[in-house]
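A.B. asks: Quick one: the structure is below, questions incoming.
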Amino acid sequence: MLITGKGRCNITSSLDIEEFIKNTPGNGRFLYSCYQNYTNQDIIQFLKEQGLEVKEERGNRVFPVTDCSQDVLKCFTKKLKELGVEIRYETQVVQILIQEDETGNQVVGVKTNHETIKADKVILATGGKSYPLTGSTGDGYQLAEKLGHTITKIKPSLVPFESFDKKTCKQLQGLSLKNVGMKLVDLEKNRDIYQDFGEMLFTHFGVSGPTILSSSAHLVRYQQIEEKLKNQTIVLKVDLKPALSEEKLDERIQRDFKEIPNKLFKNGLDKLLPQKMIPVMIEKSGIAIDKPINQITKEERKKLVNRIKNFTIKIKDFRPIEEAIITSGGINVKEINPKTMESKKVRGLYFAGEVIDVDSYTGGFNLQIAYSTGYTAGLLQE
């Protein structure tokens with residue numbers, strides 16, 4: 001929670017709860033009951049009751065008015081204190097204890113590295129494998145697997161991409177592009193996999209930023225993705241001027257060129273592109289760097305337009321799971337009752353959050369999954 005929203009805590013999204021399912025590519029329909037049980041308005045109301053107001057920003061993102069994630073955490077710790085909840089620090093659960101009777105398996109407690117604690121209900125909410133420094137080591141998967149649960153393949157999601165075009169990305173390292181169009185394309189099938197509009201960032205290894213992270217949640221589920229990445233058939237195409245059609249962009253370039261007809265091409269793109277992008281774009285255009293602007297042909301100009309509207313980067317791989325915001329994969333949802341979050345294999349065992357095979361795009365959706373599944377798992381069952 002403290003590291004979400006760049007330390008400001010992207011609490012949730014203001015979208016209708018039905019939209020949460022659309023923004024949850026990882027088993028969104030499974031969460032229908034949970035989302036209804038505890039909505040985005042419920043978490044906002046809870047924080048207000050604790051004295052913390054919220055605000056809405058671009059992309060329906062909801063943040064605390066203080067822009068401080070610590071203030072959100074304080075609301076939860078304050079409530080835990082009021083309720084008299086006992087917290088054990090430096091305590092690792094090494095085993096969930098069960099007892100078998102004529103009706104099946106029943107939870108009876110947990111064994112920690114210090115003691116055995118009796119319980120008739122246990123909620124497993126250990127998170128995924130992302131950000132191991134926060135304590136998400138993946139031990140929850142092992143605990144569930146020992147009790148007979150299936151763990152679907154664990155992959156990084158909401159994660160930057162590495163690129164085959166290392167030279168280009170290194171040249172552009174640190175450049176943040178805003179209000180650009182992007183799409184991931186399968187060249188082999190000549191098919192768009194994902195499209196978005198917004199912000200992205202070039203890094204020394206490839207690309208990152210909000211649109212890239214959201215696209216990774218989609219790409220991680222794409223059929224035969226490992227093989228396609230290896231074969232260099234997945235590319236990122238960036239539209240640097242999405243507000244202009246190719247025709248309008250060509251007209252714009254012609255107007256710019258008419259103002260400086262005697263200058264060299266290398267000095268002709270200052271009004272059109274970020275300074276860091278110009279040398280790269282000149283190279284990709286194939287136009288000689290020292291060619292006078294008044295000698296650039298119509299064909300050369302059209303190629304330049306195409307490169308600006310389709311700036312292409314070959315995707316090599318996802319960054320390691322340790323750098324991912326969330327984990328894709330986890331405890332198979334088919335083995336969990338969606339109305340209660342109780343295990344279908346062990347009575348009294350419940351699940352919440354990222355340890356389950358559910359995940360969403362960026363924008364506050366993943367924290368809402370944690371609230372909604374946690375609330376549902378915590379309800380007293382009749």
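Residue numbers start at 1 in each chain; chains themselves are named A, B, ... in the order of the structure tokens; ligands are numbered from 1 in the order shown.
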Considering only strand (DSSP E) as DSSP defines it on the backbone, what residues of segment 98-213 of chain A qualify? List them as an MDAnalysis selection string.

C.D. replies: chainID A and resid 98:101 104:112 116:118 122:124 155:157 161:163 176:186 191:202 206:208

A.B. asks: Given the selection you just returned, output its residues as a file containing C-alpha atoms, formatted as a JSON list (two decimals), in the first residue's frame.

C.D. replies:
[["chain", "number", "residue", "atom", "x", "y", "z"],
["A", 98, "ILE", "CA", -6.06, -29.21, 9.47],
["A", 99, "GLN", "CA", -8.05, -32.07, 10.93],
["A", 100, "GLU", "CA", -9.84, -34.71, 8.91],
["A", 101, "ASP", "CA", -13.32, -35.90, 9.87],
["A", 104, "GLY", "CA", -13.59, -33.73, 4.98],
["A", 105, "ASN", "CA", -10.79, -31.44, 6.08],
["A", 106, "GLN", "CA", -11.27, -28.65, 8.63],
["A", 107, "VAL", "CA", -8.84, -25.90, 9.69],
["A", 108, "VAL", "CA", -7.81, -26.13, 13.36],
["A", 109, "GLY", "CA", -5.03, -23.54, 13.52],
["A", 110, "VAL", "CA", -1.58, -22.51, 12.32],
["A", 111, "LYS", "CA", 1.95, -23.41, 13.28],
["A", 112, "THR", "CA", 4.42, -20.51, 13.34],
["A", 116, "THR", "CA", 0.99, -23.21, 17.54],
["A", 117, "ILE", "CA", -2.13, -21.02, 17.43],
["A", 118, "LYS", "CA", -5.57, -22.67, 17.49],
["A", 122, "VAL", "CA", -7.71, -18.92, 8.73],
["A", 123, "ILE", "CA", -7.45, -16.31, 5.96],
["A", 124, "LEU", "CA", -4.43, -16.72, 3.72],
["A", 155, "LYS", "CA", 4.23, -14.68, -13.98],
["A", 156, "PRO", "CA", 5.07, -10.98, -13.63],
["A", 157, "SER", "CA", 2.28, -8.53, -14.47],
["A", 161, "PHE", "CA", 9.36, -4.68, -21.05],
["A", 162, "GLU", "CA", 12.89, -5.45, -22.17],
["A", 163, "SER", "CA", 13.60, -4.65, -25.83],
["A", 176, "SER", "CA", 8.89, 10.34, -20.80],
["A", 177, "LEU", "CA", 6.26, 10.63, -23.54],
["A", 178, "LYS", "CA", 2.81, 11.93, -22.62],
["A", 179, "ASN", "CA", -0.42, 11.73, -24.60],
["A", 180, "VAL", "CA", 0.89, 9.17, -27.07],
["A", 181, "GLY", "CA", -0.96, 6.26, -28.63],
["A", 182, "MET", "CA", 0.50, 2.79, -28.27],
["A", 183, "LYS", "CA", -0.33, -0.70, -29.39],
["A", 184, "LEU", "CA", 1.21, -4.13, -29.09],
["A", 185, "VAL", "CA", 1.20, -5.99, -32.40],
["A", 186, "ASP", "CA", 1.65, -9.66, -33.28],
["A", 191, "ARG", "CA", -3.02, -8.51, -35.29],
["A", 192, "ASP", "CA", -3.28, -5.82, -32.61],
["A", 193, "ILE", "CA", -3.03, -7.37, -29.14],
["A", 194, "TYR", "CA", -3.60, -4.28, -27.01],
["A", 195, "GLN", "CA", -4.11, -0.53, -27.55],
["A", 196, "ASP", "CA", -3.89, 2.38, -25.12],
["A", 197, "PHE", "CA", -3.32, 6.12, -24.87],
["A", 198, "GLY", "CA", -1.32, 8.00, -22.26],
["A", 199, "GLU", "CA", 2.17, 8.02, -20.82],
["A", 200, "MET", "CA", 5.22, 5.82, -21.35],
["A", 201, "LEU", "CA", 8.90, 5.95, -20.45],
["A", 202, "PHE", "CA", 12.13, 4.77, -22.10],
["A", 206, "GLY", "CA", 13.44, -1.07, -22.81],
["A", 207, "VAL", "CA", 10.15, 0.64, -21.96],
["A", 208, "SER", "CA", 8.01, 1.32, -18.89]]

A.B. asks: Just list as number ranges by chain whatever in segment 115-276 of chain A DSSP marks as helix (DSSP H, G or I).

C.D. replies: A: 132-134, 139-146, 166-171, 210-219, 225-230, 246-259, 265-267, 275-276

A.B. asks: Do a neighbour search on Asn262 of chain A at 7 Å with only C-alpha atoms, toss out local chain neighbours closer than 4 positions, and write the hits as a ChimeraX atom specification.

C.D. replies: /A:292-294

A.B. asks: Report as a count of residues only all protein, DNA and RNA residues lying within 10 Å of Gly138 of chain A, evaluated on only C-alpha atoms, omitting residues in the same chain fewer than 2 positions from it.

C.D. replies: 16

A.B. asks: To one decimal place, how far is atom CA of Ile260 of chain A from atom CA of Lys302 of chain A in Å?

C.D. replies: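 That distance, rounded to one decimal, is 18.5 Å.
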
A.B. asks: If we count only C-alpha atoms and set the cut-off at 8 Å, which residues sit around Ile287 of chain A, ignoring sequence neighbours fewer than 4 positions away in its own chain? Please answer as a ChimeraX atom specification.

C.D. replies: /A:265,282-283,291,296,300

A.B. asks: Using only C-alpha atoms, determine which residues lie at most 10 Å from Tyr38 of chain A, disregarding the query and same-chain residues fewer than 6 positions distant; provide the list as a list in words.

C.D. replies: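 Non-adjacent residues within range: Ile17, Gln368, Ile369, Tyr371, Ser372, Thr373, Gly374, Tyr375 and Thr376 of chain A.
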
A.B. asks: Neighbours of segment 356-363 of chain A within 6 Å (only C-alpha atoms; same-chain residues fewer than 2 positions away dropped), as a ChimeraX atom specification?

C.D. replies: /A:23-27,61,214,329-332,354,365-366

A.B. asks: Which is closest to Lys344 of chain A among A:Lys266, A:Arg255, A:His149, A:Lys6, if we use only C-alpha atoms?

C.D. replies: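 Counting only C-alpha atoms, the residue closest to Lys344 of chain A is A:His149.
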
A.B. asks: Have a look at A:Leu133, A:Leu272, A:Ala243, A:Ala119 and name the one nearest to Ile96 of chain A; count only C-alpha atoms.

C.D. replies: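 Of A:Leu133, A:Leu272, A:Ala243, A:Ala119, the one nearest Ile96 of chain A, counting only C-alpha atoms, is A:Ala119.
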
A.B. asks: Hey, which of A:Ile289, A:Ile315, A:Val72, A:Ile336 ends up closest to Glu226 of chain A? Count only C-alpha atoms.

C.D. replies: A:Ile315

A.B. asks: So the first atom is atom CA of Lys79 of chain A and the second is atom CA of Pro64 of chain A; what is the distance between them in Å, to one decimal place?

C.D. replies: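 Computing the Euclidean distance for atom CA of Lys79 of chain A and atom CA of Pro64 of chain A yields 17.2 Å.
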
A.B. asks: Hey, which of A:Ile151, A:Val54, A:Cys68, A:Ile21 ends up closest to Lys334 of chain A? Count only C-alpha atoms.

C.D. replies: A:Ile151

A.B. asks: Using only C-alpha atoms for the distances, tell me which of A:Tyr32, A:Phe351, A:Phe311, A:Phe76 is nearest to Ala370 of chain A.

C.D. replies: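 Among the listed residues, A:Phe351 lies closest to Ala370 of chain A.
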
A.B. asks: Kindly give the distance, in Å, that separates atom CA of Leu219 of chain A and atom CA of Ile325 of chain A, rounded to a single decimal.

C.D. replies: 14.9 Å
